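Engineer: What follows is the file entry.cif, containing mmCIF, N, CA and C atoms:
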data_target
#
loop_
_atom_site.label_atom_id
_atom_site.label_comp_id
_atom_site.auth_asym_id
_atom_site.auth_seq_id
_atom_site.Cartn_x
_atom_site.Cartn_y
_atom_site.Cartn_z
N MET R 28 2.13 -5.99 13.65
CA MET R 28 1.45 -4.92 14.33
C MET R 28 0.14 -4.63 13.60
N LYS R 29 -0.97 -5.04 14.18
CA LYS R 29 -2.27 -4.84 13.55
C LYS R 29 -2.84 -3.48 13.92
N GLU R 30 -3.59 -2.90 12.98
CA GLU R 30 -4.24 -1.62 13.24
C GLU R 30 -5.49 -1.87 14.06
N GLU R 31 -5.73 -1.03 15.03
CA GLU R 31 -6.92 -1.11 15.86
C GLU R 31 -7.83 0.06 15.54
N ASN R 32 -9.11 -0.18 15.58
CA ASN R 32 -10.11 0.86 15.39
C ASN R 32 -9.89 1.67 14.11
N VAL R 33 -9.63 1.01 13.02
CA VAL R 33 -9.45 1.68 11.75
C VAL R 33 -10.80 2.13 11.24
N GLN R 34 -10.90 3.38 10.83
CA GLN R 34 -12.16 3.91 10.34
C GLN R 34 -11.98 4.46 8.94
N ALA R 35 -13.04 4.41 8.17
CA ALA R 35 -13.03 4.94 6.82
C ALA R 35 -13.01 6.47 6.88
N PRO R 36 -12.59 7.12 5.78
CA PRO R 36 -12.62 8.59 5.75
C PRO R 36 -14.01 9.11 6.05
N LYS R 37 -14.09 10.27 6.68
CA LYS R 37 -15.37 10.82 7.10
C LYS R 37 -16.24 11.24 5.92
N LEU R 38 -15.65 11.58 4.79
CA LEU R 38 -16.42 12.02 3.63
C LEU R 38 -16.90 10.86 2.77
N LEU R 39 -17.03 9.70 3.37
CA LEU R 39 -17.38 8.50 2.64
C LEU R 39 -18.83 8.54 2.17
N ALA R 40 -19.05 8.10 0.94
CA ALA R 40 -20.40 7.99 0.40
C ALA R 40 -21.12 6.82 1.08
N SER R 41 -22.41 6.84 1.01
CA SER R 41 -23.19 5.75 1.62
C SER R 41 -23.50 4.69 0.57
N GLY R 42 -24.14 3.61 0.99
CA GLY R 42 -24.56 2.57 0.07
C GLY R 42 -23.47 1.57 -0.22
N ASP R 43 -23.38 1.16 -1.49
CA ASP R 43 -22.43 0.13 -1.90
C ASP R 43 -20.98 0.54 -1.61
N GLU R 44 -20.67 1.83 -1.78
CA GLU R 44 -19.30 2.29 -1.54
C GLU R 44 -18.91 2.07 -0.07
N ALA R 45 -19.81 2.36 0.84
CA ALA R 45 -19.53 2.17 2.26
C ALA R 45 -19.35 0.68 2.58
N ARG R 46 -20.16 -0.18 1.96
CA ARG R 46 -20.05 -1.62 2.18
C ARG R 46 -18.70 -2.12 1.70
N VAL R 47 -18.26 -1.68 0.53
CA VAL R 47 -16.96 -2.09 -0.01
C VAL R 47 -15.83 -1.67 0.93
N ASN R 48 -15.92 -0.45 1.47
CA ASN R 48 -14.89 0.02 2.40
C ASN R 48 -14.88 -0.81 3.69
N GLU R 49 -16.05 -1.12 4.21
CA GLU R 49 -16.14 -1.92 5.44
C GLU R 49 -15.51 -3.30 5.23
N GLU R 50 -15.75 -3.90 4.08
CA GLU R 50 -15.16 -5.20 3.79
C GLU R 50 -13.63 -5.10 3.66
N ALA R 51 -13.15 -4.02 3.05
CA ALA R 51 -11.70 -3.82 2.91
C ALA R 51 -11.05 -3.63 4.29
N LEU R 52 -11.70 -2.88 5.14
CA LEU R 52 -11.16 -2.67 6.49
C LEU R 52 -11.15 -3.98 7.29
N ALA R 53 -12.16 -4.81 7.08
CA ALA R 53 -12.20 -6.11 7.77
C ALA R 53 -11.05 -7.01 7.29
N ARG R 54 -10.76 -6.99 5.98
CA ARG R 54 -9.63 -7.78 5.45
C ARG R 54 -8.32 -7.27 6.03
N ARG R 55 -8.16 -5.94 6.09
CA ARG R 55 -6.92 -5.36 6.60
C ARG R 55 -6.70 -5.71 8.06
N ALA R 56 -7.76 -5.76 8.84
CA ALA R 56 -7.64 -6.06 10.27
C ALA R 56 -7.05 -7.45 10.52
N LYS R 57 -7.16 -8.33 9.53
CA LYS R 57 -6.64 -9.69 9.65
C LYS R 57 -5.20 -9.83 9.14
N LYS R 58 -4.63 -8.75 8.62
CA LYS R 58 -3.31 -8.80 7.99
C LYS R 58 -2.28 -8.02 8.79
N GLU R 59 -1.04 -8.24 8.46
CA GLU R 59 0.09 -7.50 9.00
C GLU R 59 0.65 -6.62 7.88
N PRO R 60 1.30 -5.50 8.23
CA PRO R 60 1.94 -4.69 7.18
C PRO R 60 2.96 -5.52 6.40
N SER R 61 3.11 -5.20 5.13
CA SER R 61 4.05 -5.91 4.26
C SER R 61 5.47 -5.57 4.67
N GLY R 62 6.36 -6.54 4.52
CA GLY R 62 7.77 -6.31 4.83
C GLY R 62 8.47 -5.50 3.77
N LYS R 63 7.90 -5.44 2.58
CA LYS R 63 8.51 -4.71 1.47
C LYS R 63 7.62 -3.52 1.11
N LYS R 64 8.23 -2.39 0.86
CA LYS R 64 7.48 -1.20 0.46
C LYS R 64 7.21 -1.23 -1.03
N HIS R 65 5.99 -0.92 -1.40
CA HIS R 65 5.60 -0.85 -2.81
C HIS R 65 5.07 0.55 -3.09
N ARG R 66 5.37 1.03 -4.28
CA ARG R 66 4.92 2.36 -4.67
C ARG R 66 3.56 2.24 -5.37
N ILE R 67 2.56 2.84 -4.78
CA ILE R 67 1.20 2.83 -5.33
C ILE R 67 0.95 4.19 -5.97
N THR R 68 0.68 4.20 -7.26
CA THR R 68 0.38 5.44 -7.96
C THR R 68 -1.10 5.43 -8.34
N LEU R 69 -1.84 6.38 -7.79
CA LEU R 69 -3.26 6.54 -8.14
C LEU R 69 -3.41 7.77 -9.00
N ARG R 70 -4.18 7.65 -10.06
CA ARG R 70 -4.43 8.77 -10.94
C ARG R 70 -5.90 9.13 -10.81
N PRO R 71 -6.25 10.04 -9.86
CA PRO R 71 -7.64 10.36 -9.58
C PRO R 71 -8.40 10.89 -10.80
N PHE R 72 -7.69 11.49 -11.73
CA PHE R 72 -8.35 12.02 -12.92
C PHE R 72 -9.03 10.90 -13.70
N TYR R 73 -8.44 9.71 -13.70
CA TYR R 73 -9.00 8.59 -14.44
C TYR R 73 -9.98 7.76 -13.61
N CYS R 74 -9.90 7.86 -12.28
CA CYS R 74 -10.71 7.02 -11.40
C CYS R 74 -12.16 7.48 -11.38
N LYS R 75 -13.07 6.53 -11.60
CA LYS R 75 -14.50 6.85 -11.55
C LYS R 75 -15.14 6.35 -10.27
N GLY R 76 -14.35 5.79 -9.37
CA GLY R 76 -14.86 5.36 -8.07
C GLY R 76 -15.74 4.13 -8.13
N CYS R 77 -15.46 3.22 -9.04
CA CYS R 77 -16.29 2.02 -9.19
C CYS R 77 -16.09 1.05 -8.03
N GLY R 78 -14.93 1.10 -7.37
CA GLY R 78 -14.67 0.25 -6.21
C GLY R 78 -14.13 -1.13 -6.52
N LEU R 79 -13.89 -1.43 -7.79
CA LEU R 79 -13.37 -2.76 -8.13
C LEU R 79 -12.00 -3.01 -7.50
N CYS R 80 -11.17 -1.99 -7.46
CA CYS R 80 -9.83 -2.14 -6.87
C CYS R 80 -9.93 -2.36 -5.36
N VAL R 81 -10.83 -1.66 -4.71
CA VAL R 81 -11.02 -1.80 -3.27
C VAL R 81 -11.53 -3.20 -2.96
N ASP R 82 -12.44 -3.67 -3.79
CA ASP R 82 -13.06 -4.98 -3.58
C ASP R 82 -12.07 -6.13 -3.79
N ILE R 83 -11.12 -5.98 -4.70
CA ILE R 83 -10.23 -7.10 -5.03
C ILE R 83 -8.95 -7.11 -4.19
N CYS R 84 -8.59 -6.00 -3.58
CA CYS R 84 -7.34 -5.94 -2.81
C CYS R 84 -7.39 -6.89 -1.62
N PRO R 85 -6.46 -7.86 -1.57
CA PRO R 85 -6.51 -8.85 -0.50
C PRO R 85 -6.11 -8.32 0.87
N THR R 86 -5.47 -7.14 0.92
CA THR R 86 -5.02 -6.61 2.20
C THR R 86 -5.70 -5.30 2.60
N GLY R 87 -6.68 -4.84 1.85
CA GLY R 87 -7.44 -3.64 2.23
C GLY R 87 -6.66 -2.35 2.19
N VAL R 88 -5.78 -2.21 1.22
CA VAL R 88 -4.95 -1.01 1.11
C VAL R 88 -5.75 0.20 0.64
N LEU R 89 -6.68 -0.02 -0.27
CA LEU R 89 -7.42 1.08 -0.88
C LEU R 89 -8.82 1.21 -0.28
N LEU R 90 -9.31 2.44 -0.26
CA LEU R 90 -10.68 2.72 0.16
C LEU R 90 -11.27 3.73 -0.81
N LEU R 91 -12.59 3.84 -0.82
CA LEU R 91 -13.27 4.86 -1.61
C LEU R 91 -13.54 6.07 -0.73
N SER R 92 -13.38 7.25 -1.31
CA SER R 92 -13.63 8.49 -0.58
C SER R 92 -14.23 9.52 -1.51
N ASN R 93 -15.07 10.38 -0.94
CA ASN R 93 -15.61 11.47 -1.74
C ASN R 93 -14.48 12.39 -2.15
N ASN R 94 -14.58 12.91 -3.37
CA ASN R 94 -13.55 13.79 -3.90
C ASN R 94 -14.26 14.84 -4.74
N LYS R 95 -14.36 16.05 -4.24
CA LYS R 95 -15.07 17.12 -4.95
C LYS R 95 -14.43 17.47 -6.29
N ARG R 96 -13.12 17.22 -6.42
CA ARG R 96 -12.44 17.54 -7.67
C ARG R 96 -12.61 16.47 -8.74
N SER R 97 -13.13 15.32 -8.35
CA SER R 97 -13.34 14.23 -9.31
C SER R 97 -14.61 14.48 -10.12
N LYS R 98 -14.58 14.10 -11.36
CA LYS R 98 -15.74 14.23 -12.25
C LYS R 98 -16.94 13.47 -11.70
N TRP R 99 -16.66 12.33 -11.03
CA TRP R 99 -17.73 11.48 -10.52
C TRP R 99 -17.99 11.68 -9.03
N GLY R 100 -17.17 12.49 -8.37
CA GLY R 100 -17.39 12.81 -6.97
C GLY R 100 -16.83 11.80 -5.98
N ILE R 101 -16.23 10.72 -6.47
CA ILE R 101 -15.68 9.70 -5.58
C ILE R 101 -14.46 9.08 -6.25
N THR R 102 -13.42 8.79 -5.48
CA THR R 102 -12.21 8.16 -6.02
C THR R 102 -11.63 7.19 -4.99
N ALA R 103 -10.76 6.33 -5.46
CA ALA R 103 -10.01 5.44 -4.57
C ALA R 103 -8.88 6.23 -3.95
N ILE R 104 -8.57 5.90 -2.69
CA ILE R 104 -7.46 6.53 -1.99
C ILE R 104 -6.57 5.45 -1.37
N LYS R 105 -5.31 5.79 -1.15
CA LYS R 105 -4.38 4.89 -0.45
C LYS R 105 -4.61 5.07 1.04
N SER R 106 -5.27 4.13 1.64
CA SER R 106 -5.59 4.24 3.05
C SER R 106 -4.49 3.64 3.93
N ALA R 107 -3.85 2.58 3.46
CA ALA R 107 -2.81 1.91 4.25
C ALA R 107 -1.74 1.34 3.33
N PRO R 108 -0.91 2.19 2.73
CA PRO R 108 0.08 1.72 1.76
C PRO R 108 1.09 0.72 2.34
N ASP R 109 1.30 0.74 3.65
CA ASP R 109 2.24 -0.21 4.27
C ASP R 109 1.77 -1.65 4.17
N PHE R 110 0.50 -1.86 3.89
CA PHE R 110 -0.06 -3.21 3.80
C PHE R 110 0.02 -3.77 2.37
N CYS R 111 0.44 -2.95 1.41
CA CYS R 111 0.50 -3.41 0.01
C CYS R 111 1.55 -4.51 -0.14
N ILE R 112 1.13 -5.63 -0.73
CA ILE R 112 2.03 -6.76 -0.95
C ILE R 112 2.55 -6.81 -2.39
N GLY R 113 2.15 -5.85 -3.21
CA GLY R 113 2.64 -5.76 -4.58
C GLY R 113 2.07 -6.79 -5.53
N CYS R 114 0.91 -7.33 -5.23
CA CYS R 114 0.32 -8.37 -6.09
C CYS R 114 -0.23 -7.80 -7.40
N ARG R 115 -0.49 -6.52 -7.45
CA ARG R 115 -0.97 -5.79 -8.63
C ARG R 115 -2.38 -6.21 -9.06
N MET R 116 -3.12 -6.84 -8.17
CA MET R 116 -4.49 -7.23 -8.53
C MET R 116 -5.34 -5.99 -8.80
N CYS R 117 -5.15 -4.93 -8.02
CA CYS R 117 -5.91 -3.69 -8.22
C CYS R 117 -5.58 -3.08 -9.58
N GLU R 118 -4.30 -3.09 -9.92
CA GLU R 118 -3.85 -2.52 -11.19
C GLU R 118 -4.47 -3.26 -12.37
N HIS R 119 -4.49 -4.58 -12.29
CA HIS R 119 -5.04 -5.38 -13.39
C HIS R 119 -6.56 -5.31 -13.46
N ARG R 120 -7.20 -5.08 -12.32
CA ARG R 120 -8.67 -5.05 -12.29
C ARG R 120 -9.24 -3.70 -12.69
N CYS R 121 -8.48 -2.63 -12.53
CA CYS R 121 -8.98 -1.28 -12.81
C CYS R 121 -9.29 -1.11 -14.31
N PRO R 122 -10.56 -0.85 -14.64
CA PRO R 122 -10.92 -0.71 -16.05
C PRO R 122 -10.46 0.62 -16.66
N ASP R 123 -10.01 1.55 -15.82
CA ASP R 123 -9.65 2.88 -16.30
C ASP R 123 -8.15 3.18 -16.23
N PHE R 124 -7.34 2.16 -15.91
CA PHE R 124 -5.88 2.32 -15.83
C PHE R 124 -5.50 3.46 -14.87
N ALA R 125 -6.22 3.56 -13.76
CA ALA R 125 -6.00 4.62 -12.79
C ALA R 125 -5.02 4.22 -11.69
N ILE R 126 -4.56 2.97 -11.68
CA ILE R 126 -3.67 2.48 -10.62
C ILE R 126 -2.43 1.85 -11.23
N LEU R 127 -1.29 2.21 -10.68
CA LEU R 127 -0.03 1.58 -11.07
C LEU R 127 0.71 1.17 -9.80
N ILE R 128 1.23 -0.04 -9.78
CA ILE R 128 2.00 -0.53 -8.65
C ILE R 128 3.46 -0.68 -9.08
N ASP R 129 4.34 -0.04 -8.35
CA ASP R 129 5.78 -0.09 -8.63
C ASP R 129 6.08 0.24 -10.10
N TYR R 130 5.41 1.24 -10.64
CA TYR R 130 5.61 1.60 -12.04
C TYR R 130 7.07 1.99 -12.26
N GLY R 131 7.65 1.44 -13.27
CA GLY R 131 9.05 1.68 -13.59
C GLY R 131 9.97 0.67 -12.93
N GLU R 132 9.62 0.26 -11.71
CA GLU R 132 10.43 -0.74 -11.01
C GLU R 132 10.37 -2.08 -11.75
N ASN R 133 9.22 -2.39 -12.33
CA ASN R 133 9.04 -3.65 -13.03
C ASN R 133 9.79 -3.68 -14.36
N LEU R 134 10.24 -2.52 -14.82
CA LEU R 134 10.89 -2.45 -16.13
C LEU R 134 12.41 -2.39 -16.01
N LYS R 135 12.93 -2.12 -14.82
CA LYS R 135 14.38 -1.95 -14.66
C LYS R 135 15.13 -3.23 -15.02
N GLY R 136 16.12 -3.09 -15.88
CA GLY R 136 16.99 -4.20 -16.22
C GLY R 136 16.38 -5.23 -17.15
N LYS R 137 15.22 -4.95 -17.69
CA LYS R 137 14.58 -5.91 -18.58
C LYS R 137 14.61 -5.40 -20.01
N GLU R 138 14.88 -6.29 -20.91
CA GLU R 138 14.82 -5.95 -22.33
C GLU R 138 13.37 -5.97 -22.76
N PRO R 139 12.94 -5.06 -23.63
CA PRO R 139 11.57 -5.13 -24.12
C PRO R 139 11.34 -6.42 -24.89
N GLU R 140 10.16 -6.97 -24.72
CA GLU R 140 9.84 -8.21 -25.43
C GLU R 140 9.63 -7.90 -26.90
N ARG R 141 10.14 -8.74 -27.72
CA ARG R 141 10.00 -8.57 -29.16
C ARG R 141 8.84 -9.41 -29.65
N GLY R 142 7.97 -8.79 -30.40
CA GLY R 142 6.81 -9.50 -30.92
C GLY R 142 7.15 -10.24 -32.20
N LYS R 143 6.20 -11.00 -32.66
CA LYS R 143 6.38 -11.76 -33.90
C LYS R 143 6.30 -10.86 -35.12
N MET R 144 5.55 -9.76 -35.00
CA MET R 144 5.41 -8.88 -36.16
C MET R 144 6.74 -8.22 -36.48
N GLY R 145 7.05 -8.12 -37.71
CA GLY R 145 8.25 -7.46 -38.15
C GLY R 145 9.46 -8.39 -38.23
N GLU R 146 9.33 -9.58 -37.69
CA GLU R 146 10.43 -10.52 -37.79
C GLU R 146 10.31 -11.27 -39.11
N ALA R 147 11.36 -11.21 -39.86
CA ALA R 147 11.34 -11.87 -41.16
C ALA R 147 11.69 -13.35 -40.98
N SER R 148 10.95 -14.15 -41.64
CA SER R 148 11.29 -15.59 -41.60
C SER R 148 11.93 -15.96 -42.91
N HIS R 149 13.11 -16.43 -42.81
CA HIS R 149 13.84 -16.84 -44.02
C HIS R 149 13.91 -18.34 -44.05
N GLY R 150 13.52 -18.89 -45.12
CA GLY R 150 13.59 -20.32 -45.09
C GLY R 150 13.61 -20.96 -46.35
#
As structure tokens, how would this structure be written, given the file I've shared?

Structural biologist:
Amino acid sequence: MKEENVQAPKLLASGDEARVNEEALARRAKKEPSGKKHRITLRPFYCKGCGLCVDICPTGVLLLSNNKRSKWGITAIKSAPDFCIGCRMCEHRCPDFAILIDYGENLKGKEPERGKMGEASHG
């Protein structure tokens, strides 16, 4: 089920931010909603609205929107969370650690990895 006539938020900034949103919406128009639900956690306090997450998302889940409460006046928003495929590209690309995908879900049932430091070698 493809979305028709998807529009960016009305409070959208102009310039590069608008271009990034238009490209994200074009990518989303070519995709179908994901069969699996993923939890997207955005931390607007950390987001500076650089648009790297919007630009890298292969399914156009995120968009940039004006945010009066943000220090920079613009933040990423979840525009279409049903399209998230859980690839975590946005999470890895965000320079400010403002995005988490399925946080906590990735840790369930896993033992913490043990590093080399602190391991004594006897020989």

Engineer: Measure the distance from atom CA of Leu69 of chain R to atom CA of Ile128 of chain R in Å and round it to one decimal.

Structural biologist: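 Taking atom CA of Leu69 of chain R and atom CA of Ile128 of chain R, their separation equals 8.8 Å.
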
Engineer: Using all atoms listed in the file, can you tell me which of R:Arg120, R:Val81, R:Pro108, R:Ser92 comes closest to Glu50 of chain R?

Structural biologist: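 Closest residue, counting all atoms listed in the file: R:Val81.
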
Engineer: Within 7 Å of Cys121 of chain R, counting all atoms listed in the file, which residues show up once you throw out same-chain ones fewer than 5 positions away? Write them as a count of residues only, please.

Structural biologist: 4

Engineer: Identify, on the basis of only N, CA and C atoms, every residue whose closest approach to His65 of chain R does not exceed 7 Å; exclude the query and any residue fewer than 2 positions from it along the same chain; express the result as a PyMOL selection string.

Structural biologist: chain R and resi 63+67+108-109+111-113+128-129

Engineer: Which residues in segment 49-124 of chain R does DSSP call helix (DSSP H, G or I)? List them as number ranges by chain.

Structural biologist: R: 49-56, 79-83, 108-110, 116-120

Engineer: Grab the residues selected above and save them as a CSV table (one decimal), in the coordinates of the input with N, CA and C atoms.

Structural biologist:
chain,number,residue,atom,x,y,z
R,49,GLU,N,-16.0,-1.1,4.2
R,49,GLU,CA,-16.1,-1.9,5.4
R,49,GLU,C,-15.5,-3.3,5.2
R,50,GLU,N,-15.8,-3.9,4.1
R,50,GLU,CA,-15.2,-5.2,3.8
R,50,GLU,C,-13.6,-5.1,3.7
R,51,ALA,N,-13.2,-4.0,3.0
R,51,ALA,CA,-11.7,-3.8,2.9
R,51,ALA,C,-11.0,-3.6,4.3
R,52,LEU,N,-11.7,-2.9,5.1
R,52,LEU,CA,-11.2,-2.7,6.5
R,52,LEU,C,-11.2,-4.0,7.3
R,53,ALA,N,-12.2,-4.8,7.1
R,53,ALA,CA,-12.2,-6.1,7.8
R,53,ALA,C,-11.0,-7.0,7.3
R,54,ARG,N,-10.8,-7.0,6.0
R,54,ARG,CA,-9.6,-7.8,5.4
R,54,ARG,C,-8.3,-7.3,6.0
R,55,ARG,N,-8.2,-5.9,6.1
R,55,ARG,CA,-6.9,-5.4,6.6
R,55,ARG,C,-6.7,-5.7,8.1
R,56,ALA,N,-7.8,-5.8,8.8
R,56,ALA,CA,-7.6,-6.1,10.3
R,56,ALA,C,-7.0,-7.4,10.5
R,79,LEU,N,-13.9,-1.4,-7.8
R,79,LEU,CA,-13.4,-2.8,-8.1
R,79,LEU,C,-12.0,-3.0,-7.5
R,80,CYS,N,-11.2,-2.0,-7.5
R,80,CYS,CA,-9.8,-2.1,-6.9
R,80,CYS,C,-9.9,-2.4,-5.4
R,81,VAL,N,-10.8,-1.7,-4.7
R,81,VAL,CA,-11.0,-1.8,-3.3
R,81,VAL,C,-11.5,-3.2,-3.0
R,82,ASP,N,-12.4,-3.7,-3.8
R,82,ASP,CA,-13.1,-5.0,-3.6
R,82,ASP,C,-12.1,-6.1,-3.8
R,83,ILE,N,-11.1,-6.0,-4.7
R,83,ILE,CA,-10.2,-7.1,-5.0
R,83,ILE,C,-9.0,-7.1,-4.2
R,108,PRO,N,-0.9,2.2,2.7
R,108,PRO,CA,0.1,1.7,1.8
R,108,PRO,C,1.1,0.7,2.3
R,109,ASP,N,1.3,0.7,3.6
R,109,ASP,CA,2.2,-0.2,4.3
R,109,ASP,C,1.8,-1.6,4.2
R,110,PHE,N,0.5,-1.9,3.9
R,110,PHE,CA,-0.1,-3.2,3.8
R,110,PHE,C,0.0,-3.8,2.4
R,116,MET,N,-3.1,-6.8,-8.2
R,116,MET,CA,-4.5,-7.2,-8.5
R,116,MET,C,-5.3,-6.0,-8.8
R,117,CYS,N,-5.2,-4.9,-8.0
R,117,CYS,CA,-5.9,-3.7,-8.2
R,117,CYS,C,-5.6,-3.1,-9.6
R,118,GLU,N,-4.3,-3.1,-9.9
R,118,GLU,CA,-3.8,-2.5,-11.2
R,118,GLU,C,-4.5,-3.3,-12.4
R,119,HIS,N,-4.5,-4.6,-12.3
R,119,HIS,CA,-5.0,-5.4,-13.4
R,119,HIS,C,-6.6,-5.3,-13.5
R,120,ARG,N,-7.2,-5.1,-12.3
R,120,ARG,CA,-8.7,-5.0,-12.3
R,120,ARG,C,-9.2,-3.7,-12.7

Engineer: For Lys105 of chain R, please output as a list in words all residues within 6 Å (counting only N, CA and C atoms; exclusion window: fewer than 6 positions along the same chain).

Structural biologist: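 In the requested format, the answer is Val88, Leu89 and Leu90 of chain R.
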
Engineer: Take every atom of segment 112-129 of chain R listed in the file, pad by 4 Å on each side, and give me the axis-aligned box centre and edge lengths in Å, one decimal, as lines of an AutoDock Vina configuration file.

Structural biologist:
center_x = -2.4
center_y = -1.9
center_z = -8.7
size_x = 25.0
size_y = 21.0
size_z = 23.9

Engineer: Find the residue from R:Arg46, R:Ala51, R:Lys58, R:Asn94 that sits nearest to Ser106 of chain R; use only C-alpha atoms when measuring.

Structural biologist: R:Ala51

Engineer: Could you jot down the atom CA of Cys117 of chain R to atom CA of Cys84 of chain R separation for me, Å, one decimal place?

Structural biologist: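 One can read the atom CA of Cys117 of chain R to atom CA of Cys84 of chain R distance as 6.0 Å.
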
Engineer: Quick one: pull the distance between atom N of Asn93 of chain R and atom CA of Gly62 of chain R, Å, one decimal.

Structural biologist: 28.9 Å

Engineer: Determine the nearest neighbour of Arg66 of chain R from the options R:His119, R:Phe124, R:Phe110, R:Ala103, counting only C-alpha atoms.

Structural biologist: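 The closest residue to Arg66 of chain R is R:Phe110.
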
Engineer: List, as a CSV table (one decimal) with N, CA and C atoms, keeping the file's coordinate frame, every residue that the PyMOL selection byres ((chain R and resi 52-57) around 6) selects in the file provided.

Structural biologist:
chain,number,residue,atom,x,y,z
R,30,GLU,N,-3.6,-2.9,13.0
R,30,GLU,CA,-4.2,-1.6,13.2
R,30,GLU,C,-5.5,-1.9,14.1
R,48,ASN,N,-15.9,-0.4,1.5
R,48,ASN,CA,-14.9,0.0,2.4
R,48,ASN,C,-14.9,-0.8,3.7
R,49,GLU,N,-16.0,-1.1,4.2
R,49,GLU,CA,-16.1,-1.9,5.4
R,49,GLU,C,-15.5,-3.3,5.2
R,50,GLU,N,-15.8,-3.9,4.1
R,50,GLU,CA,-15.2,-5.2,3.8
R,50,GLU,C,-13.6,-5.1,3.7
R,51,ALA,N,-13.2,-4.0,3.0
R,51,ALA,CA,-11.7,-3.8,2.9
R,51,ALA,C,-11.0,-3.6,4.3
R,58,LYS,N,-4.6,-8.8,8.6
R,58,LYS,CA,-3.3,-8.8,8.0
R,58,LYS,C,-2.3,-8.0,8.8
R,59,GLU,N,-1.0,-8.2,8.5
R,59,GLU,CA,0.1,-7.5,9.0
R,59,GLU,C,0.6,-6.6,7.9
R,85,PRO,N,-6.5,-7.9,-1.6
R,85,PRO,CA,-6.5,-8.8,-0.5
R,85,PRO,C,-6.1,-8.3,0.9
R,86,THR,N,-5.5,-7.1,0.9
R,86,THR,CA,-5.0,-6.6,2.2
R,86,THR,C,-5.7,-5.3,2.6
R,87,GLY,N,-6.7,-4.8,1.8
R,87,GLY,CA,-7.4,-3.6,2.2
R,87,GLY,C,-6.7,-2.4,2.2

Engineer: Find the residue from R:Glu118, R:Cys77, R:Lys98, R:Leu127 that sits nearest to Glu44 of chain R; use all atoms listed in the file when measuring.

Structural biologist: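 Counting all atoms listed in the file, the residue closest to Glu44 of chain R is R:Cys77.
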
Engineer: With only C-alpha atoms as the atoms that count, which of R:Ala45, R:Ile83, R:Leu91, R:Ile101 lies nearest to Cys114 of chain R?

Structural biologist: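 Under the stated criterion, the closest residue is R:Ile83.
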
Engineer: Write out as a PyMOL selection string which residues come within 7 Å of Asp123 of chain R when counting only C-alpha atoms, dropping same-chain ones fewer than 2 positions away.

Structural biologist: chain R and resi 73-74+121+125
